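A.B. asks: Input file: model-v3.txt. Contents: compact mmCIF, C-alpha atoms.
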# COMPACT_ATOMS: atom_id res chain seq x y z
CA GLU A 1 7.04 -79.68 4.23
CA ILE A 2 6.16 -83.31 5.07
CA ILE A 3 3.31 -83.57 2.55
CA PRO A 4 5.40 -82.16 -0.35
CA VAL A 5 8.23 -84.61 0.43
CA ILE A 6 5.86 -87.60 0.28
CA LEU A 7 4.20 -86.36 -2.91
CA ASN A 8 7.54 -85.57 -4.55
CA ILE A 9 8.97 -89.01 -3.76
CA PHE A 10 5.84 -90.65 -5.20
CA CYS A 11 5.89 -88.52 -8.38
CA LEU A 12 9.62 -89.03 -8.98
CA SER A 13 9.30 -92.79 -8.42
CA PHE A 14 6.35 -92.93 -10.82
CA PHE A 15 8.26 -91.00 -13.50
CA ILE A 16 11.38 -93.17 -13.21
CA SER A 17 9.53 -96.49 -13.14
CA ASN A 18 6.65 -95.86 -15.56
CA ASP A 19 7.56 -93.17 -18.08
CA SER A 20 9.05 -94.41 -21.34
CA LEU A 21 11.11 -91.23 -21.58
CA TRP A 22 13.29 -92.37 -18.67
CA ILE A 23 14.48 -95.44 -20.59
CA SER A 24 15.65 -93.35 -23.55
CA LEU A 25 17.65 -90.83 -21.48
CA LYS A 26 21.43 -90.88 -21.67
CA ILE A 27 23.28 -91.69 -18.46
CA GLU A 28 24.43 -88.05 -18.16
CA ASP A 29 20.87 -86.71 -18.24
CA LYS A 30 19.63 -89.43 -15.89
CA THR A 31 22.37 -88.66 -13.36
CA ILE A 32 21.96 -84.87 -13.43
CA PHE A 33 18.16 -85.07 -13.25
CA THR A 34 18.09 -87.67 -10.44
CA ILE A 35 20.62 -85.91 -8.22
CA GLY A 36 19.10 -82.49 -8.88
CA ALA A 37 15.50 -83.61 -8.29
CA PHE A 38 16.40 -85.51 -5.11
CA LEU A 39 18.30 -82.59 -3.57
CA VAL A 40 15.66 -80.02 -4.56
CA LEU A 41 12.48 -81.96 -3.78
CA VAL A 42 13.53 -84.32 -0.98
CA PHE A 43 16.79 -83.28 0.71
CA ARG A 44 15.95 -79.57 1.14
CA PRO A 45 12.47 -80.12 2.64
CA ILE A 46 13.86 -82.72 5.07
CA CYS A 47 16.52 -80.23 6.22
CA SER A 48 13.80 -77.60 6.60
CA ILE A 49 11.64 -79.96 8.66
CA ALA A 50 14.59 -80.78 10.94
CA ALA A 51 15.50 -77.10 11.36
CA HIS A 52 11.96 -76.05 12.24
CA THR A 53 11.65 -78.96 14.66
CA PHE A 54 14.95 -78.87 16.57
CA TYR A 55 16.06 -75.22 16.55
CA LEU A 56 14.23 -74.54 19.85
CA ILE A 57 16.28 -77.02 21.87
CA SER A 58 19.11 -74.61 22.68
CA LYS A 59 21.11 -71.67 21.39
CA LYS A 60 23.68 -74.02 19.84
CA ALA A 61 20.90 -76.09 18.27
CA HIS A 62 19.36 -72.88 16.90
CA ASP A 63 22.60 -71.84 15.20
CA PHE A 64 23.38 -75.35 13.97
CA TRP A 65 19.98 -76.18 12.44
CA TRP A 66 19.45 -72.83 10.77
CA ARG A 67 22.87 -73.15 9.16
CA ILE A 68 21.81 -76.59 7.93
CA ASP A 69 18.59 -75.15 6.55
CA TYR A 70 20.43 -72.24 4.91
CA SER A 71 23.02 -74.63 3.45
CA SER A 72 20.28 -76.85 1.99
CA ILE A 73 18.80 -73.78 0.27
CA CYS A 74 22.23 -72.98 -1.20
CA ILE A 75 22.52 -76.57 -2.46
CA THR A 76 19.04 -76.25 -3.99
CA MET A 77 20.06 -73.11 -5.85
CA LEU A 78 23.22 -74.85 -7.05
CA CYS A 79 21.09 -77.71 -8.42
CA GLU A 80 18.76 -75.24 -10.12
CA GLY A 81 21.75 -73.59 -11.75
CA ILE A 82 23.57 -76.79 -12.76
CA VAL A 83 20.53 -78.59 -14.21
CA SER A 84 19.03 -75.61 -16.03
CA GLY A 85 22.50 -74.51 -17.13
CA ASN A 86 23.17 -77.97 -18.54
CA TYR A 87 20.01 -77.63 -20.65
CA THR A 88 20.52 -74.00 -21.64
CA PHE A 89 24.16 -74.41 -22.69
CA ASN A 90 23.61 -77.88 -24.11
CA CYS A 91 24.95 -76.87 -27.53
CA ASN A 92 27.80 -74.68 -26.29
CA TYR A 93 30.37 -76.68 -24.32
CA GLN A 94 32.65 -73.71 -23.61
CA LEU A 95 29.86 -71.59 -22.14
CA LYS A 96 28.63 -74.59 -20.15
CA LEU A 97 32.08 -75.18 -18.67
CA LEU A 98 32.50 -71.47 -17.89
CA PHE A 99 29.09 -71.28 -16.22
CA PHE A 100 29.64 -74.46 -14.18
CA THR A 101 33.03 -73.17 -13.00
CA CYS A 102 31.66 -69.75 -12.01
CA VAL A 103 28.54 -71.07 -10.27
CA SER A 104 30.59 -73.68 -8.37
CA CYS A 105 33.03 -71.03 -7.13
CA MET A 106 30.17 -68.78 -6.06
CA PHE A 107 28.52 -71.72 -4.29
CA ILE A 108 31.72 -72.42 -2.30
CA SER A 109 31.98 -68.74 -1.39
CA THR A 110 28.35 -68.65 -0.27
CA MET A 111 28.71 -71.83 1.78
CA LEU A 112 31.80 -70.44 3.51
CA SER A 113 29.98 -67.23 4.39
CA THR A 114 27.05 -69.31 5.68
CA LEU A 115 29.15 -71.60 7.86
CA VAL A 116 31.85 -69.16 9.01
CA SER A 117 30.61 -65.56 8.90
CA ARG A 118 28.47 -64.21 11.73
CA SER A 119 27.49 -61.14 9.72
CA MET A 120 23.94 -61.35 8.35
CA GLN A 121 24.78 -58.67 5.79
CA ILE A 122 27.69 -60.65 4.35
CA ARG A 123 25.68 -63.88 4.25
CA ALA A 124 22.67 -62.16 2.63
CA ALA A 125 24.78 -60.37 0.01
CA SER A 126 26.73 -63.50 -0.88
CA PHE A 127 23.55 -65.57 -1.12
CA CYS A 128 21.70 -63.01 -3.27
CA LEU A 129 24.58 -62.71 -5.75
CA PHE A 130 24.84 -66.49 -5.96
CA VAL A 131 21.10 -67.00 -6.54
CA ILE A 132 20.86 -64.24 -9.15
CA PHE A 133 23.81 -65.65 -11.09
CA ALA A 134 22.97 -69.36 -10.75
CA THR A 135 19.33 -69.02 -11.76
CA GLY A 136 19.32 -65.78 -13.75
CA CYS A 137 22.05 -66.52 -16.31
CA PRO A 138 20.57 -69.75 -17.75
CA PHE A 139 17.07 -68.28 -17.62
CA LEU A 140 17.88 -65.08 -19.51
CA TYR A 141 20.21 -66.82 -21.97
CA GLN A 142 17.53 -69.40 -22.83
CA TRP A 143 15.03 -66.64 -23.59
CA ILE A 144 17.63 -64.84 -25.74
CA ILE A 145 18.23 -68.05 -27.71
CA TYR A 146 14.49 -68.52 -28.12
CA TYR A 147 13.91 -65.07 -29.60
CA SER A 148 17.10 -65.00 -31.70
CA GLN A 149 16.22 -68.31 -33.40
CA LYS A 150 12.43 -68.02 -33.33
CA ASP A 151 11.95 -68.11 -37.11
CA GLU A 152 14.47 -70.86 -37.86
CA ASN A 153 12.54 -73.90 -36.63
CA ARG A 154 8.95 -73.34 -35.57
CA ASP A 155 8.47 -76.91 -34.32
CA ASP A 156 11.44 -76.65 -31.96
CA HIS A 157 10.35 -73.32 -30.53
CA LYS A 158 6.71 -74.26 -30.14
CA ALA A 159 7.83 -77.11 -27.87
CA LEU A 160 10.44 -74.98 -26.11
CA ILE A 161 7.96 -72.27 -25.15
CA LYS A 162 6.18 -74.67 -22.80
CA TYR A 163 9.44 -75.28 -20.93
CA LEU A 164 10.19 -71.56 -20.76
CA SER A 165 6.65 -70.73 -19.63
CA LEU A 166 6.82 -73.21 -16.75
CA TRP A 167 10.26 -71.90 -15.80
CA THR A 168 9.02 -68.30 -15.86
CA PHE A 169 5.91 -69.10 -13.81
CA ALA A 170 8.07 -70.89 -11.22
CA TYR A 171 10.20 -67.76 -10.81
CA ILE A 172 7.07 -65.60 -10.55
CA LEU A 173 5.91 -67.79 -7.65
CA ALA A 174 9.33 -67.40 -5.99
CA THR A 175 9.15 -63.61 -6.41
CA ILE A 176 5.66 -63.47 -4.88
CA ALA A 177 6.85 -65.65 -1.99
CA LEU A 178 9.78 -63.32 -1.36
CA ILE A 179 7.55 -60.22 -1.43
CA ILE A 180 5.04 -61.76 1.01
CA LYS A 181 7.78 -62.85 3.40
CA SER A 182 9.60 -59.50 3.21
CA LEU A 183 6.44 -57.45 3.77
CA TRP A 184 5.34 -59.74 6.61
CA PHE A 185 1.90 -60.03 5.03
CA PRO A 186 -0.83 -60.73 6.12
CA GLU A 187 0.40 -60.41 9.75
CA ARG A 188 0.99 -56.71 9.10
CA CYS A 189 -2.79 -56.30 8.99
CA CYS A 190 -3.07 -57.54 12.59
CA ARG A 191 -1.01 -54.88 14.38
CA LYS A 192 -2.95 -55.16 17.63
CA ASN A 193 -2.60 -58.94 17.76
CA ARG A 194 0.89 -59.96 16.63
CA HIS A 195 0.11 -63.69 16.80
CA CYS A 196 -3.27 -63.57 15.05
CA LEU A 197 -2.05 -65.82 12.23
CA SER A 198 0.44 -67.97 14.11
CA TYR A 199 -1.25 -71.27 13.20
CA VAL A 200 -2.87 -70.75 9.80
CA GLY A 201 -2.22 -68.17 7.09
CA ALA A 202 1.09 -66.75 8.34
CA SER A 203 3.49 -65.25 5.80
CA HIS A 204 6.08 -67.91 6.64
CA GLN A 205 3.55 -70.66 5.85
CA ILE A 206 2.61 -68.99 2.56
CA TRP A 207 6.33 -68.67 1.82
CA HIS A 208 6.84 -72.43 2.21
CA ILE A 209 3.79 -73.27 0.08
CA LEU A 210 4.89 -70.99 -2.78
CA ILE A 211 8.55 -72.05 -2.65
CA ASN A 212 7.62 -75.74 -2.69
CA SER A 213 5.31 -75.07 -5.62
CA CYS A 214 8.07 -73.15 -7.40
CA LEU A 215 10.63 -75.95 -6.98
CA SER A 216 8.16 -78.69 -7.97
CA LEU A 217 7.27 -76.70 -11.08
CA SER A 218 10.97 -76.25 -11.90
CA VAL A 219 11.61 -79.99 -11.76
CA TYR A 220 8.53 -80.63 -13.90
CA ALA A 221 9.94 -78.11 -16.39
CA TRP A 222 13.13 -80.22 -16.51
CA ILE A 223 11.02 -83.21 -17.54
CA VAL A 224 9.29 -81.11 -20.21
CA TYR A 225 12.69 -80.10 -21.58
CA LEU A 226 13.95 -83.68 -21.61
CA ARG A 227 10.81 -84.77 -23.45
CA PHE A 228 11.38 -81.98 -25.97
CA LYS A 229 15.04 -83.01 -26.35
CA TYR A 230 14.48 -86.75 -26.78
CA GLU A 231 11.01 -87.00 -28.31
CA GLY A 232 10.85 -83.74 -30.26
CA LYS A 233 12.96 -82.35 -33.08
CA PHE A 234 15.76 -80.97 -30.94
CA HIS A 235 19.05 -80.21 -32.68
CA CYS A 236 22.00 -77.90 -32.13
CA SER A 237 22.30 -75.14 -34.74
CA GLN A 238 25.59 -75.22 -36.54
Just give me the structure as structure tokens.
C.D. replies:
Amino acid sequence: EIIPVILNIFCLSFFISNDSLWISLKIEDKTIFTIGAFLVLVFRPICSIAAHTFYLISKKAHDFWWRIDYSSICITMLCEGIVSGNYTFNCNYQLKLLFFTCVSCMFISTMLSTLVSRSMQIRAASFCLFVIFATGCPFLYQWIIYYSQKDENRDDHKALIKYLSLWTFAYILATIALIIKSLWFPERCCRKNRHCLSYVGASHQIWHILINSCLSLSVYAWIVYLRFKYEGKFHCSQ
């Protein structure tokens, strides 16, 4: 996690200080992008580093730091939903307000279950519903818009497909990461030696690599969308 944090800070700083696109962004887009990118690419990895470092101190430290780690993941999913939802529902204020309200309420519910409930089943169910709604709704709706308006403005949709392709690939990486972690692969192949991949190649390590790649790709997709919005031929259909 340390290397991705350093690289992410460098890339974000470079984009903000050197890219001409940043100057042309409205204050709303600058604020949403900056907060979202910081929480996703910097805050979450730092919480993960702290959790993996200090959870061994004691039983209380274990419970405290894993709740911090879990909470940072919830915040990351909220950012994914808010930023992508802001782009997806850019031309529909009512849907945007409805989505923001629903995803915020689900986030509060998930955080409460994380911090209060001792039941793993309740926490897992709440988290899964929240993630599916926060990330799935904007994603599916954006694809529906793309196909429903595909023949109206070819220039718009040629640019938009790059954003959607990056977004889709990021979710594919997340799905692969989840499968690997759930199947406990490749450790499952070393049944006689449970710790054969404790240092290099463990499923948990692969999980972190793929999830960091997924989130970095998502933030890059946000930049692609902003470039399409401000430098392309973006317009809201009447």
A.B. asks: Emit as lines of an AutoDock Vina configuration file the padded axis-aligned box for all listed atoms of segment 89-96 of chain A, 8 Å per side, with centre and edge lengths in Å to one decimal.
C.D. replies:
center_x = 28.1
center_y = -74.7
center_z = -23.8
size_x = 25.0
size_y = 22.3
size_z = 23.4
A.B. asks: What does the distance between atom CA of Gln149 of chain A and atom CA of Asp29 of chain A come to in Å, to one decimal place?
C.D. replies: 24.3 Å
A.B. asks: Nearest residue to Asn92 of chain A out of A:Leu226, A:Ala177, A:Ala134, A:Ile145, using all atoms listed in the file?
C.D. replies: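 Ranking A:Leu226, A:Ala177, A:Ala134, A:Ile145 by distance to Asn92 of chain A, first place goes to A:Ile145.
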A.B. asks: I'd like the neighbourhood of segment 95-106 of chain A as a list in words, where a residue qualifies if any of its atoms comes within 8 Å (using all atoms listed in the file), though same-chain residues fewer than 4 positions away should be ignored.
C.D. replies: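 Once the adjacent positions are removed, what remains is Leu78, Gly81, Ile82, Gly85, Asn86, Phe89, Asn90, Thr110, Phe130, Phe133 and Ala134 of chain A.
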A.B. asks: Counting all atoms listed in the file, which of A:Tyr230, A:Lys59, A:Ser48, A:Phe127 gets nearest to Ile23 of chain A?
C.D. replies: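 Among A:Tyr230, A:Lys59, A:Ser48, A:Phe127, it is A:Tyr230 that comes nearest to Ile23 of chain A.
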A.B. asks: Which residue gives the smallest distance to Ile223 of chain A among A:Leu160, A:Ile144, A:Leu39, A:Ile6, with all atoms listed in the file counted?
C.D. replies: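 For Ile223 of chain A, the nearest of the given residues is A:Leu160.
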A.B. asks: Kindly give the distance, in Å, that separates atom CA of His204 of chain A and atom CA of Leu140 of chain A, rounded to a single decimal.
C.D. replies: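 Taking atom CA of His204 of chain A as the start and atom CA of Leu140 of chain A as the end point, the length is 28.8 Å.
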A.B. asks: Hey, what's within 12 Å of Leu178 of chain A if we count all atoms listed in the file and toss same-chain stuff fewer than 2 positions away? As a PyMOL selection string, please?
C.D. replies: chain A and resi 171-176+180-185+203-204+206-211+214
A.B. asks: Quick one: distance from atom CA of Ser126 of chain A to atom CA of Pro45 of chain A in Å, one decimal?
C.D. replies: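 Separation of atom CA of Ser126 of chain A and atom CA of Pro45 of chain A: 22.2 Å.
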A.B. asks: What's the 12 Å shell around Ile122 of chain A, counting all atoms listed in the file, without same-chain residues fewer than 6 positions away, as a list in words?
C.D. replies: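 The residues that qualify are Ser109, Thr110, Met111, Leu112, Ser113, Thr114, Leu115, Val116, Cys128 and Leu129 of chain A.
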A.B. asks: Dump as a PyMOL selection string all residues having an atom at most 12 Å from (15.3, -89.2, -15.0), computed in the file's coordinates with only C-alpha atoms.
C.D. replies: chain A and resi 11-38+83+219-220+222-227
A.B. asks: Emit the selected residues as a PDB file, in the coordinates of the input, including C-alpha atoms.
C.D. replies:
ATOM      1  CA  CYS A  11       5.890 -88.520  -8.380  1.00  0.00           C
ATOM      2  CA  LEU A  12       9.620 -89.030  -8.980  1.00  0.00           C
ATOM      3  CA  SER A  13       9.300 -92.790  -8.420  1.00  0.00           C
ATOM      4  CA  PHE A  14       6.350 -92.930 -10.820  1.00  0.00           C
ATOM      5  CA  PHE A  15       8.260 -91.000 -13.500  1.00  0.00           C
ATOM      6  CA  ILE A  16      11.380 -93.170 -13.210  1.00  0.00           C
ATOM      7  CA  SER A  17       9.530 -96.490 -13.140  1.00  0.00           C
ATOM      8  CA  ASN A  18       6.650 -95.860 -15.560  1.00  0.00           C
ATOM      9  CA  ASP A  19       7.560 -93.170 -18.080  1.00  0.00           C
ATOM     10  CA  SER A  20       9.050 -94.410 -21.340  1.00  0.00           C
ATOM     11  CA  LEU A  21      11.110 -91.230 -21.580  1.00  0.00           C
ATOM     12  CA  TRP A  22      13.290 -92.370 -18.670  1.00  0.00           C
ATOM     13  CA  ILE A  23      14.480 -95.440 -20.590  1.00  0.00           C
ATOM     14  CA  SER A  24      15.650 -93.350 -23.550  1.00  0.00           C
ATOM     15  CA  LEU A  25      17.650 -90.830 -21.480  1.00  0.00           C
ATOM     16  CA  LYS A  26      21.430 -90.880 -21.670  1.00  0.00           C
ATOM     17  CA  ILE A  27      23.280 -91.690 -18.460  1.00  0.00           C
ATOM     18  CA  GLU A  28      24.430 -88.050 -18.160  1.00  0.00           C
ATOM     19  CA  ASP A  29      20.870 -86.710 -18.240  1.00  0.00           C
ATOM     20  CA  LYS A  30      19.630 -89.430 -15.890  1.00  0.00           C
ATOM     21  CA  THR A  31      22.370 -88.660 -13.360  1.00  0.00           C
ATOM     22  CA  ILE A  32      21.960 -84.870 -13.430  1.00  0.00           C
ATOM     23  CA  PHE A  33      18.160 -85.070 -13.250  1.00  0.00           C
ATOM     24  CA  THR A  34      18.090 -87.670 -10.440  1.00  0.00           C
ATOM     25  CA  ILE A  35      20.620 -85.910  -8.220  1.00  0.00           C
ATOM     26  CA  GLY A  36      19.100 -82.490  -8.880  1.00  0.00           C
ATOM     27  CA  ALA A  37      15.500 -83.610  -8.290  1.00  0.00           C
ATOM     28  CA  PHE A  38      16.400 -85.510  -5.110  1.00  0.00           C
ATOM     29  CA  VAL A  83      20.530 -78.590 -14.210  1.00  0.00           C
ATOM     30  CA  VAL A 219      11.610 -79.990 -11.760  1.00  0.00           C
ATOM     31  CA  TYR A 220       8.530 -80.630 -13.900  1.00  0.00           C
ATOM     32  CA  TRP A 222      13.130 -80.220 -16.510  1.00  0.00           C
ATOM     33  CA  ILE A 223      11.020 -83.210 -17.540  1.00  0.00           C
ATOM     34  CA  VAL A 224       9.290 -81.110 -20.210  1.00  0.00           C
ATOM     35  CA  TYR A 225      12.690 -80.100 -21.580  1.00  0.00           C
ATOM     36  CA  LEU A 226      13.950 -83.680 -21.610  1.00  0.00           C
ATOM     37  CA  ARG A 227      10.810 -84.770 -23.450  1.00  0.00           C
TER      38      ARG A 227
END
A.B. asks: Taking only C-alpha atoms into account, name the residue in A:Phe64, A:Leu217, A:Thr88, A:Ala202 that is nearest to His52 of chain A.
C.D. replies: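 Checking each candidate against His52 of chain A, we get A:Phe64 as the closest.
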A.B. asks: Identify which of the residues A:Ala221, A:Cys137, A:Ile179, A:Ala61 lies closest to Ser165 of chain A, counting only C-alpha atoms when measuring atom-to-atom distances.
C.D. replies: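 Of A:Ala221, A:Cys137, A:Ile179, A:Ala61, the one nearest Ser165 of chain A is A:Ala221, counting only C-alpha atoms.
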